[in-house]
$ cat work-v7.cif   # mmCIF, C-alpha atoms and all ligand atoms
data_final
#
loop_
_atom_site.label_atom_id
_atom_site.label_comp_id
_atom_site.auth_asym_id
_atom_site.auth_seq_id
_atom_site.Cartn_x
_atom_site.Cartn_y
_atom_site.Cartn_z
CA MET A 19 0.00 0.00 0.00
CA THR A 20 1.09 3.58 -0.72
CA SER A 21 2.80 4.96 2.42
CA SER A 22 2.80 8.62 1.35
CA LEU A 23 1.88 10.69 -1.70
CA LEU A 24 3.66 13.56 -3.38
CA LEU A 25 1.33 15.16 -5.91
CA GLY A 26 1.03 18.34 -7.93
CA LEU A 27 -1.09 20.35 -10.33
CA ILE A 28 0.57 21.88 -13.39
CA GLY A 29 -1.30 24.76 -14.99
CA ASP A 30 -1.66 28.47 -15.60
CA GLY A 31 -3.18 30.68 -12.88
CA ILE A 32 -4.11 27.88 -10.48
CA SER A 33 -3.30 29.47 -7.12
CA ALA A 34 -6.98 29.33 -6.01
CA SER A 35 -7.49 25.66 -6.97
CA ARG A 36 -9.44 23.55 -4.46
CA THR A 37 -7.90 20.33 -5.74
CA PRO A 38 -4.79 20.33 -3.46
CA ARG A 39 -6.90 20.50 -0.29
CA MET A 40 -9.24 17.73 -1.49
CA HIS A 41 -6.30 15.35 -2.04
CA GLU A 42 -4.42 16.30 1.13
CA ASN A 43 -7.51 15.90 3.33
CA GLU A 44 -8.49 12.63 1.72
CA GLY A 45 -4.93 11.27 1.99
CA ALA A 46 -4.84 12.15 5.70
CA ALA A 47 -8.18 10.40 6.23
CA HIS A 48 -6.63 7.24 4.73
CA SER A 49 -3.51 7.63 6.91
CA ILE A 50 -1.49 8.43 3.79
CA PRO A 51 0.53 11.62 4.41
CA THR A 52 -0.10 13.62 1.23
CA ILE A 53 1.60 16.73 -0.07
CA TYR A 54 -0.04 18.35 -3.09
CA ARG A 55 1.69 21.35 -4.66
CA THR A 56 0.39 23.80 -7.26
CA ILE A 57 2.99 24.14 -10.01
CA ASP A 58 1.79 27.40 -11.54
CA VAL A 59 3.64 28.36 -14.70
CA THR A 60 2.80 32.05 -14.14
CA GLU A 61 5.06 32.16 -11.05
CA PRO A 62 8.35 33.96 -11.79
CA LYS A 63 10.48 31.01 -10.62
CA ARG A 64 9.04 28.93 -13.47
CA ALA A 65 9.44 31.59 -16.16
CA ASP A 66 10.47 29.92 -19.42
CA ALA A 67 10.06 26.39 -17.99
CA SER A 68 8.50 24.08 -20.54
CA LEU A 69 5.88 21.46 -19.70
CA GLU A 70 8.42 18.78 -20.55
CA GLU A 71 10.93 20.25 -18.09
CA LEU A 72 8.32 20.40 -15.32
CA LEU A 73 7.16 16.84 -15.96
CA THR A 74 10.74 15.54 -16.01
CA ALA A 75 11.53 17.42 -12.80
CA ALA A 76 8.46 15.95 -11.08
CA ILE A 77 9.46 12.42 -12.12
CA ARG A 78 13.06 12.93 -10.93
CA LEU A 79 11.94 14.42 -7.63
CA GLY A 80 9.79 11.39 -6.92
CA PHE A 81 6.27 12.74 -7.50
CA ASP A 82 3.66 9.96 -7.48
CA GLY A 83 1.20 11.79 -9.69
CA LEU A 84 0.13 15.03 -11.29
CA ASN A 85 -3.04 16.74 -12.34
CA ILE A 86 -2.72 18.73 -15.53
CA THR A 87 -4.92 21.67 -16.34
CA HIS A 88 -5.28 24.56 -18.77
CA PRO A 89 -3.40 25.04 -21.11
CA PHE A 90 -1.55 21.71 -21.04
CA LYS A 91 -4.16 18.94 -21.19
CA GLN A 92 -3.55 18.17 -24.85
CA GLN A 93 0.15 18.97 -24.97
CA VAL A 94 1.00 16.54 -22.16
CA ILE A 95 -0.17 13.54 -24.17
CA GLY A 96 2.92 13.52 -26.37
CA LEU A 97 5.17 13.46 -23.29
CA LEU A 98 3.69 10.36 -21.61
CA ASP A 99 4.78 6.72 -21.79
CA GLU A 100 1.21 5.45 -21.92
CA VAL A 101 -2.25 6.98 -22.28
CA ASP A 102 -5.52 5.39 -21.20
CA PRO A 103 -7.73 4.68 -24.27
CA VAL A 104 -10.53 7.03 -23.11
CA ALA A 105 -8.10 9.93 -22.65
CA ALA A 106 -6.44 9.16 -25.98
CA ARG A 107 -9.82 9.20 -27.74
CA ILE A 108 -10.68 12.60 -26.27
CA GLY A 109 -7.18 13.93 -26.85
CA SER A 110 -6.98 15.33 -23.31
CA VAL A 111 -5.25 14.19 -20.11
CA ASN A 112 -5.88 15.74 -16.68
CA THR A 113 -4.31 13.05 -14.48
CA VAL A 114 -0.85 11.47 -14.74
CA VAL A 115 0.18 8.54 -12.57
CA ILE A 116 3.94 8.13 -12.12
CA ASP A 117 5.04 4.66 -11.00
CA GLU A 118 8.11 3.77 -8.93
CA THR A 119 10.21 3.33 -12.09
CA GLY A 120 9.27 6.83 -13.27
CA ALA A 121 6.95 5.56 -16.03
CA THR A 122 3.96 7.83 -16.72
CA LYS A 123 0.37 6.98 -17.65
CA GLY A 124 -2.26 9.58 -18.50
CA PHE A 125 -5.98 9.49 -17.75
CA ASN A 126 -8.96 11.81 -18.10
CA THR A 127 -11.05 12.02 -14.94
CA ASP A 128 -12.93 15.13 -16.16
CA VAL A 129 -15.01 12.77 -18.32
CA THR A 130 -15.67 10.22 -15.59
CA GLY A 131 -16.11 13.12 -13.14
CA PHE A 132 -18.81 14.88 -15.16
CA ALA A 133 -20.58 11.55 -15.76
CA ALA A 134 -20.50 10.64 -12.04
CA GLY A 135 -21.71 14.11 -11.05
CA PHE A 136 -24.53 13.86 -13.58
CA ARG A 137 -25.63 10.42 -12.34
CA ALA A 138 -25.63 11.67 -8.75
CA GLY A 139 -27.29 15.04 -9.37
CA LEU A 140 -29.61 14.48 -12.33
CA ASP A 141 -30.48 10.82 -11.88
CA GLY A 142 -33.21 9.67 -14.26
CA ALA A 143 -33.17 12.89 -16.32
CA ALA A 144 -34.33 12.49 -19.93
CA THR A 145 -31.40 12.49 -22.36
CA GLU A 146 -32.95 11.93 -25.79
CA ALA A 147 -32.06 15.49 -26.87
CA VAL A 148 -29.36 17.52 -25.15
CA VAL A 149 -27.83 20.88 -26.06
CA GLN A 150 -24.25 21.58 -25.04
CA ILE A 151 -22.88 25.11 -25.23
CA GLY A 152 -19.09 25.33 -25.31
CA ALA A 153 -16.64 22.90 -26.89
CA GLY A 154 -13.35 24.00 -25.33
CA GLY A 155 -11.28 22.17 -22.71
CA ALA A 156 -14.14 21.37 -20.32
CA GLY A 157 -16.60 21.02 -23.19
CA ARG A 158 -14.67 18.20 -24.83
CA ALA A 159 -14.81 16.21 -21.59
CA VAL A 160 -18.52 17.03 -21.15
CA GLY A 161 -19.35 15.98 -24.72
CA PHE A 162 -17.69 12.59 -24.37
CA ALA A 163 -19.25 12.12 -20.92
CA LEU A 164 -22.73 12.88 -22.31
CA ALA A 165 -22.13 10.31 -25.04
CA GLU A 166 -21.05 7.73 -22.41
CA LEU A 167 -24.19 8.60 -20.45
CA GLY A 168 -26.27 7.51 -23.44
CA VAL A 169 -27.50 10.85 -24.78
CA GLY A 170 -29.46 10.21 -28.01
CA GLY A 171 -29.01 13.45 -29.92
CA LEU A 172 -26.32 15.92 -28.83
CA ILE A 173 -26.37 19.41 -30.34
CA ILE A 174 -23.17 21.39 -29.75
CA ALA A 175 -22.88 25.17 -30.09
CA ASP A 176 -19.78 27.31 -29.68
CA THR A 177 -18.85 30.81 -30.84
CA ASP A 178 -16.04 28.95 -32.60
CA VAL A 179 -18.16 26.85 -34.99
CA ASP A 180 -15.19 24.76 -36.14
CA ARG A 181 -14.49 23.75 -32.54
CA ALA A 182 -18.09 22.58 -32.09
CA ALA A 183 -17.97 20.71 -35.39
CA GLY A 184 -14.66 19.08 -34.46
CA LEU A 185 -16.04 17.79 -31.16
CA ALA A 186 -19.21 16.48 -32.83
CA ALA A 187 -17.09 14.65 -35.42
CA ASP A 188 -14.78 13.19 -32.75
CA ILE A 189 -17.75 11.88 -30.75
CA GLY A 190 -19.20 10.43 -33.97
CA ARG A 191 -15.96 8.49 -34.54
CA VAL A 192 -16.46 6.47 -31.35
CA ASP A 193 -18.18 3.25 -32.37
CA SER A 194 -19.20 2.21 -28.87
CA VAL A 195 -21.61 5.14 -28.30
CA GLY A 196 -24.87 5.57 -30.16
CA THR A 197 -24.98 9.35 -29.73
CA ARG A 198 -25.74 11.40 -32.83
CA ALA A 199 -23.69 14.56 -32.29
CA ARG A 200 -23.92 17.62 -34.52
CA ALA A 201 -22.81 21.22 -34.37
CA ILE A 202 -25.03 24.25 -34.86
CA GLY A 203 -24.40 27.97 -35.19
CA LEU A 204 -25.31 30.33 -32.35
CA ASP A 205 -28.19 31.65 -34.50
CA GLU A 206 -29.86 28.22 -34.12
CA LEU A 207 -29.21 27.90 -30.39
CA GLU A 208 -32.48 29.27 -28.99
CA GLU A 209 -34.59 27.01 -31.19
CA ALA A 210 -32.52 23.95 -30.18
CA ALA A 211 -32.67 24.93 -26.49
CA ALA A 212 -36.45 25.32 -26.66
CA SER A 213 -36.96 21.66 -27.58
CA ALA A 214 -34.13 20.01 -25.60
CA ASN A 215 -34.55 17.74 -22.56
CA GLY A 216 -31.51 19.37 -21.04
CA ILE A 217 -28.88 22.05 -21.60
CA VAL A 218 -25.26 22.04 -20.41
CA ASN A 219 -23.20 25.19 -20.14
CA ALA A 220 -19.53 24.40 -20.81
CA THR A 221 -18.51 28.00 -21.56
CA PRO A 222 -17.04 30.44 -19.00
CA VAL A 223 -20.28 32.50 -19.17
CA GLY A 224 -21.50 32.95 -15.61
CA MET A 225 -18.05 33.62 -14.16
CA LYS A 226 -17.47 37.10 -12.75
CA ALA A 227 -15.47 38.09 -15.81
CA TYR A 228 -18.14 36.70 -18.18
CA PRO A 229 -21.53 37.72 -16.75
CA GLY A 230 -24.86 36.62 -18.21
CA THR A 231 -26.33 33.35 -19.41
CA PRO A 232 -25.15 31.30 -22.40
CA VAL A 233 -28.70 31.17 -23.77
CA ASP A 234 -31.85 33.18 -23.05
CA THR A 235 -33.60 31.28 -20.25
CA THR A 236 -37.08 32.36 -21.37
CA VAL A 237 -36.88 29.99 -24.37
CA PHE A 238 -37.15 26.76 -22.33
CA GLY A 239 -39.68 25.47 -19.83
CA ALA A 240 -39.64 24.00 -16.32
CA ASP A 241 -39.24 20.43 -17.61
CA THR A 242 -35.80 21.21 -19.09
CA TRP A 243 -32.86 20.26 -16.85
CA ILE A 244 -29.85 22.60 -16.72
CA ALA A 245 -26.23 21.76 -15.89
CA ASP A 246 -23.36 24.20 -15.54
CA VAL A 247 -19.64 23.39 -15.36
CA VAL A 248 -18.70 26.84 -14.03
CA TYR A 249 -17.71 26.55 -10.37
CA PHE A 250 -16.49 30.09 -9.62
CA PRO A 251 -19.24 30.88 -8.58
CA LEU A 252 -21.26 27.70 -8.05
CA GLU A 253 -24.53 29.59 -8.31
CA THR A 254 -24.40 31.08 -11.81
CA GLN A 255 -27.04 33.38 -13.22
CA PHE A 256 -27.98 30.54 -15.63
CA LEU A 257 -28.67 28.12 -12.75
CA ALA A 258 -30.45 30.74 -10.65
CA GLU A 259 -32.81 31.70 -13.48
CA ALA A 260 -33.45 28.06 -14.38
CA ARG A 261 -34.17 27.10 -10.77
CA ALA A 262 -36.55 30.07 -10.43
CA LYS A 263 -38.50 28.57 -13.34
CA GLY A 264 -38.65 25.21 -11.55
CA CYS A 265 -35.99 23.39 -13.62
CA ARG A 266 -33.78 20.63 -12.17
CA THR A 267 -30.22 21.91 -12.02
CA LEU A 268 -26.67 20.63 -11.53
CA ASP A 269 -23.84 22.97 -10.60
CA GLY A 270 -20.13 22.72 -11.45
CA SER A 271 -19.16 21.11 -8.14
CA GLY A 272 -20.23 17.65 -9.35
CA MET A 273 -17.58 17.56 -12.07
CA ALA A 274 -14.91 19.26 -9.92
CA VAL A 275 -15.35 16.93 -6.95
CA ASN A 276 -15.74 13.73 -8.95
CA GLN A 277 -12.66 14.37 -11.12
CA ALA A 278 -10.70 14.58 -7.86
CA ILE A 279 -12.35 11.44 -6.44
CA ASP A 280 -11.35 9.45 -9.53
CA ALA A 281 -7.83 10.94 -9.57
CA PHE A 282 -7.33 10.13 -5.87
CA GLU A 283 -8.16 6.51 -6.57
CA LEU A 284 -5.66 6.42 -9.45
CA PHE A 285 -2.93 8.03 -7.29
CA SER A 286 -3.49 6.04 -4.10
CA GLY A 287 -5.27 2.83 -5.09
CA GLN A 288 -7.84 3.72 -2.39
CA LYS A 289 -11.48 4.73 -2.78
CA ALA A 290 -12.13 8.33 -1.83
CA ASP A 291 -15.12 9.18 0.35
CA PRO A 292 -17.40 11.28 -1.93
CA GLN A 293 -19.09 13.05 0.99
CA ARG A 294 -15.77 14.03 2.59
CA MET A 295 -14.32 15.21 -0.73
CA ARG A 296 -17.43 17.28 -1.35
CA GLU A 297 -17.30 18.81 2.14
CA THR A 298 -13.67 19.78 1.60
CA PHE A 299 -14.54 21.34 -1.75
CA LEU A 300 -17.46 23.29 -0.26
CA SER A 301 -15.41 24.40 2.77
CA PHE A 302 -13.87 27.05 0.50
CA GLY A 303 -17.29 28.70 0.25
CA ALA A 304 -19.51 28.96 -2.84
P1 LIG B 401 -12.06 27.10 -22.85
O1 LIG B 401 -11.65 28.49 -23.10
O2 LIG B 401 -11.14 25.97 -23.18
O3 LIG B 401 -13.43 26.80 -23.65
C1 LIG B 401 -14.55 27.65 -23.58
C2 LIG B 401 -15.32 27.51 -24.90
O4 LIG B 401 -16.54 28.25 -24.78
C3 LIG B 401 -14.56 28.07 -26.11
O5 LIG B 401 -14.58 27.09 -27.14
C4 LIG B 401 -15.33 29.33 -26.47
O6 LIG B 401 -15.31 29.59 -27.86
C5 LIG B 401 -16.72 28.98 -26.00
N1 LIG B 401 -17.56 30.13 -25.65
C6 LIG B 401 -17.24 31.19 -24.87
N2 LIG B 401 -18.30 32.01 -24.75
C7 LIG B 401 -19.31 31.45 -25.46
C8 LIG B 401 -20.64 31.82 -25.70
N3 LIG B 401 -21.20 32.93 -25.18
N4 LIG B 401 -21.41 31.01 -26.48
C9 LIG B 401 -20.89 29.89 -27.02
N5 LIG B 401 -19.61 29.48 -26.84
C10 LIG B 401 -18.83 30.26 -26.05
O7 LIG B 401 -12.49 27.05 -21.31
P2 LIG B 401 -12.68 25.74 -20.43
O8 LIG B 401 -11.38 25.32 -19.87
O9 LIG B 401 -13.47 24.75 -21.22
O10 LIG B 401 -13.54 26.31 -19.22
C11 LIG B 401 -14.89 26.67 -19.34
C12 LIG B 401 -15.51 26.81 -17.96
O11 LIG B 401 -15.51 25.54 -17.33
C13 LIG B 401 -14.72 27.73 -17.02
O12 LIG B 401 -15.61 28.45 -16.22
C14 LIG B 401 -13.94 26.76 -16.16
O13 LIG B 401 -13.63 27.28 -14.88
C15 LIG B 401 -14.95 25.64 -16.05
N6 LIG B 401 -14.39 24.32 -15.71
C16 LIG B 401 -15.03 23.61 -14.76
C17 LIG B 401 -14.57 22.35 -14.42
C18 LIG B 401 -15.25 21.58 -13.34
O14 LIG B 401 -14.69 20.59 -12.88
N7 LIG B 401 -16.47 21.95 -12.97
C19 LIG B 401 -13.46 21.81 -15.08
C20 LIG B 401 -12.84 22.57 -16.08
C21 LIG B 401 -13.31 23.83 -16.40
#

$ encode --input "work-v7.cif" --output "structure tokens"
Amino acid sequence: MTSSLLLGLIGDGISASRTPRMHENEGAAHSIPTIYRTIDVTEPKRADASLEELLTAAIRLGFDGLNITHPFKQQVIGLLDEVDPVAARIGSVNTVVIDETGATKGFNTDVTGFAAGFRAGLDGAATEAVVQIGAGGAGRAVGFALAELGVGGLIIADTDVDRAAGLAADIGRVDSVGTRARAIGLDELEEAAASANGIVNATPVGMKAYPGTPVDTTVFGADTWIADVVYFPLETQFLAEARAKGCRTLDGSGMAVNQAIDAFELFSGQKADPQRMRETFLSFGA
């Protein structure tokens, strides 16, 4: 069994991340002393350091695992010894396990995390027709998770139409899922939202810097479920307006907590306690 864990998060502007505390608390609860460092490339001491240099340094210093976030989730793939098939299919890795020989294997727990959060928070929700807005880093994970969840028709909209089309095509290439994914322009969004069972926001709209809602909430009714991946803040304007109409809603904490739960299991070989992980996440305040 793992006697201690040395972990880190490599990314840009990650000083406020809640992930270190979730892993350190969970490790302590399993009697596994755990140190989890943020390795923020915007800090002056890492100026000019490449992702490859940081990964090599972590391996040499004996790190047991890393989370990888924006803007490195795709770039890291080419630096790893092995990549889990799901992560390879999506083209995005957020979790790297480093074994005692220094060999690296990449995984994507954003996909499993969104799916687990959805099952827990929107259990039994109709998924014949779903609209997803945003096809960037988080959106790619959400799209593949929705396909794994058995969504029938997935309509993807993004201000960058090519990005939406690319994600729809990539989902369509996966034989094992029966999801029919297609991209639409933003001019078709309201009509699609009006007839969807559910709508997922995977854009940054709703964050302080991007106020508003990704689609006009008057176009859908109370029987439409709404999910948001934004978690700064947890209560976005989109969710608040939808809830006021009587819609079922799912906030961004489900994905954030469950990606950490799945990563902790990969790092430690132990099952994380979902309730405890969630409490740690929420202890930062909404
Ligand atoms: P990103 O920049 O990679 O992608 C955002 C996408 O949204 C882009 O493709 C952009 O063109 C599109 N977009 C922006 N505004 C739009 C609009 N009004 N209409 C349609 N498309 C629009 O960003 P990201 O990394 O995917 O992050 C998106 C949000 O998800 C952020 O708020 C981030 O904090 C959050 N996030 C949450 C979790 C979680 O675990 N809950 C994980 C990752 C990211």

$ residues_around --input "work-v7.cif" --residues "A:Ser33" --least-positions-apart "4" --cutoff "10 Å" --atoms "only C-alpha atoms" --output "number ranges by chain"
A: 27, 29, 38, 55-58, 60-61

$ residues_near_ligand --input "work-v7.cif" --ligand "ligand LIG 401 (chain B)" --cutoff "6 Å" --atoms "only C-alpha atoms and all ligand atoms" --output "VMD selection string"
chain A and resid 151 to 157 175 to 178 220 to 223 232 247 to 249 270 to 271 273 to 274

$ closest_residue --input "work-v7.cif" --among "A:Ala159, A:Phe285, A:Met295, A:Arg78" --to "A:Ser21" --atoms "only C-alpha atoms"
A:Phe285

$ closest_residue --input "work-v7.cif" --among "A:Arg39, A:Arg266, A:Lys91, A:Arg294" --to "A:Leu69" --atoms "all atoms listed in the file"
A:Lys91

$ atom_distance --input "work-v7.cif" --atom1 "atom CA of A:Ala105" --atom2 "atom CA of A:Ile86"
12.5 Å

$ closest_residue --input "work-v7.cif" --among "A:Pro229, A:Gly171, A:Gly161, A:Gly203" --to "A:Asn215" --atoms "all atoms listed in the file"
A:Gly171

$ closest_atom_pairs --input "work-v7.cif" --of "stretch 222-300 of chain A" --to "stretch 121-127 of chain A" --cutoff "9 Å" --atoms "all atoms listed in the file" --output "CSV"
residue,atom,partner,partner_atom,distance
A:Asn276,CA,A:Thr127,CA,7.8
A:Gln277,CA,A:Thr127,CA,4.8
A:Ala278,CA,A:Thr127,CA,7.5
A:Ile279,CA,A:Thr127,CA,8.6
A:Asp280,CA,A:Thr127,CA,6.0
A:Ala281,CA,A:Thr127,CA,6.4
A:Leu284,CA,A:Phe125,CA,8.9

$ atom_distance --input "work-v7.cif" --atom1 "atom CA of A:Ala46" --atom2 "atom CA of A:Leu73"
25.2 Å

$ residues_around --input "work-v7.cif" --residues "A:Thr119" --least-positions-apart "3" --cutoff "10 Å" --atoms "all atoms listed in the file" --output "PyMOL selection string"
chain A and resi 77+80+116+122

$ atom_distance --input "work-v7.cif" --atom1 "atom CA of A:Asp180" --atom2 "atom CA of A:Glu100"
29.1 Å

$ closest_residue --input "work-v7.cif" --among "A:Val94, A:Ala143, A:Ala199, A:Ile50" --to "A:Gly216" --atoms "only C-alpha atoms"
A:Ala143

$ closest_residue --input "work-v7.cif" --among "A:Val101, A:Ala245, A:Val237, A:Leu257" --to "A:Ser213" --atoms "all atoms listed in the file"
A:Val237

$ residues_near_point --input "work-v7.cif" --point "(-15.6, 13.5, -25.5)" --cutoff "9 Å" --atoms "only C-alpha atoms" --output "ChimeraX atom specification"
/A:104-105,107-109,129,157-166,185-186,188-189

$ axis_aligned_box --input "work-v7.cif" --around "stretch 61-77 of chain A" --padding-each-side "3 Å" --output "lines of an AutoDock Vina configuration file"
center_x = 8.3
center_y = 23.2
center_z = -15.6
size_x = 12.5
size_y = 27.5
size_z = 15.9

$ closest_residue --input "work-v7.cif" --among "A:Thr235, A:Thr267, A:Thr242, A:Thr20" --to "A:Glu118" --atoms "only C-alpha atoms"
A:Thr20

$ residues_near_point --input "work-v7.cif" --point "(-31.4, 33.9, -11.3)" --cutoff "12 Å" --atoms "all atoms listed in the file" --output "list in words"
Gly224, Pro229, Gly230, Thr231, Asp234, Thr235, Thr236, Glu253, Thr254, Gln255, Phe256, Leu257, Ala258, Glu259, Ala260, Arg261, Ala262, Lys263, Gly264 and Cys265 of chain A

$ write_last_selection --input "work-v7.cif" --atoms "C-alpha atoms" --output "PDB file, in the coordinates of the input"
ATOM      1  CA  GLY A 224     -21.500  32.950 -15.610  1.00  0.00           C
ATOM      2  CA  PRO A 229     -21.530  37.720 -16.750  1.00  0.00           C
ATOM      3  CA  GLY A 230     -24.860  36.620 -18.210  1.00  0.00           C
ATOM      4  CA  THR A 231     -26.330  33.350 -19.410  1.00  0.00           C
ATOM      5  CA  ASP A 234     -31.850  33.180 -23.050  1.00  0.00           C
ATOM      6  CA  THR A 235     -33.600  31.280 -20.250  1.00  0.00           C
ATOM      7  CA  THR A 236     -37.080  32.360 -21.370  1.00  0.00           C
ATOM      8  CA  GLU A 253     -24.530  29.590  -8.310  1.00  0.00           C
ATOM      9  CA  THR A 254     -24.400  31.080 -11.810  1.00  0.00           C
ATOM     10  CA  GLN A 255     -27.040  33.380 -13.220  1.00  0.00           C
ATOM     11  CA  PHE A 256     -27.980  30.540 -15.630  1.00  0.00           C
ATOM     12  CA  LEU A 257     -28.670  28.120 -12.750  1.00  0.00           C
ATOM     13  CA  ALA A 258     -30.450  30.740 -10.650  1.00  0.00           C
ATOM     14  CA  GLU A 259     -32.810  31.700 -13.480  1.00  0.00           C
ATOM     15  CA  ALA A 260     -33.450  28.060 -14.380  1.00  0.00           C
ATOM     16  CA  ARG A 261     -34.170  27.100 -10.770  1.00  0.00           C
ATOM     17  CA  ALA A 262     -36.550  30.070 -10.430  1.00  0.00           C
ATOM     18  CA  LYS A 263     -38.500  28.570 -13.340  1.00  0.00           C
ATOM     19  CA  GLY A 264     -38.650  25.210 -11.550  1.00  0.00           C
ATOM     20  CA  CYS A 265     -35.990  23.390 -13.620  1.00  0.00           C
TER      21      CYS A 265
END

$ closest_atom_pairs --input "work-v7.cif" --of "stretch 24-79 of chain A" --to "stretch 286-293 of chain A" --cutoff "12 Å" --atoms "only C-alpha atoms" --output "tab-separated table"
residue	atom	partner	partner_atom	distance
A:Leu24	CA	A:Ser286	CA	10.4
A:Leu25	CA	A:Ser286	CA	10.5
A:Met40	CA	A:Ala290	CA	9.8
A:His41	CA	A:Ala290	CA	9.1
A:Glu42	CA	A:Ala290	CA	11.5
A:Asn43	CA	A:Ala290	CA	10.3
A:Glu44	CA	A:Ala290	CA	6.7
A:Gly45	CA	A:Ser286	CA	8.2
A:Ala46	CA	A:Ala290	CA	11.2
A:Ala47	CA	A:Asp291	CA	9.2
A:His48	CA	A:Gln288	CA	8.0
A:Ser49	CA	A:Gln288	CA	11.0
A:Ile50	CA	A:Ser286	CA	8.5
A:Pro51	CA	A:Ser286	CA	10.9
A:Thr52	CA	A:Ser286	CA	9.9
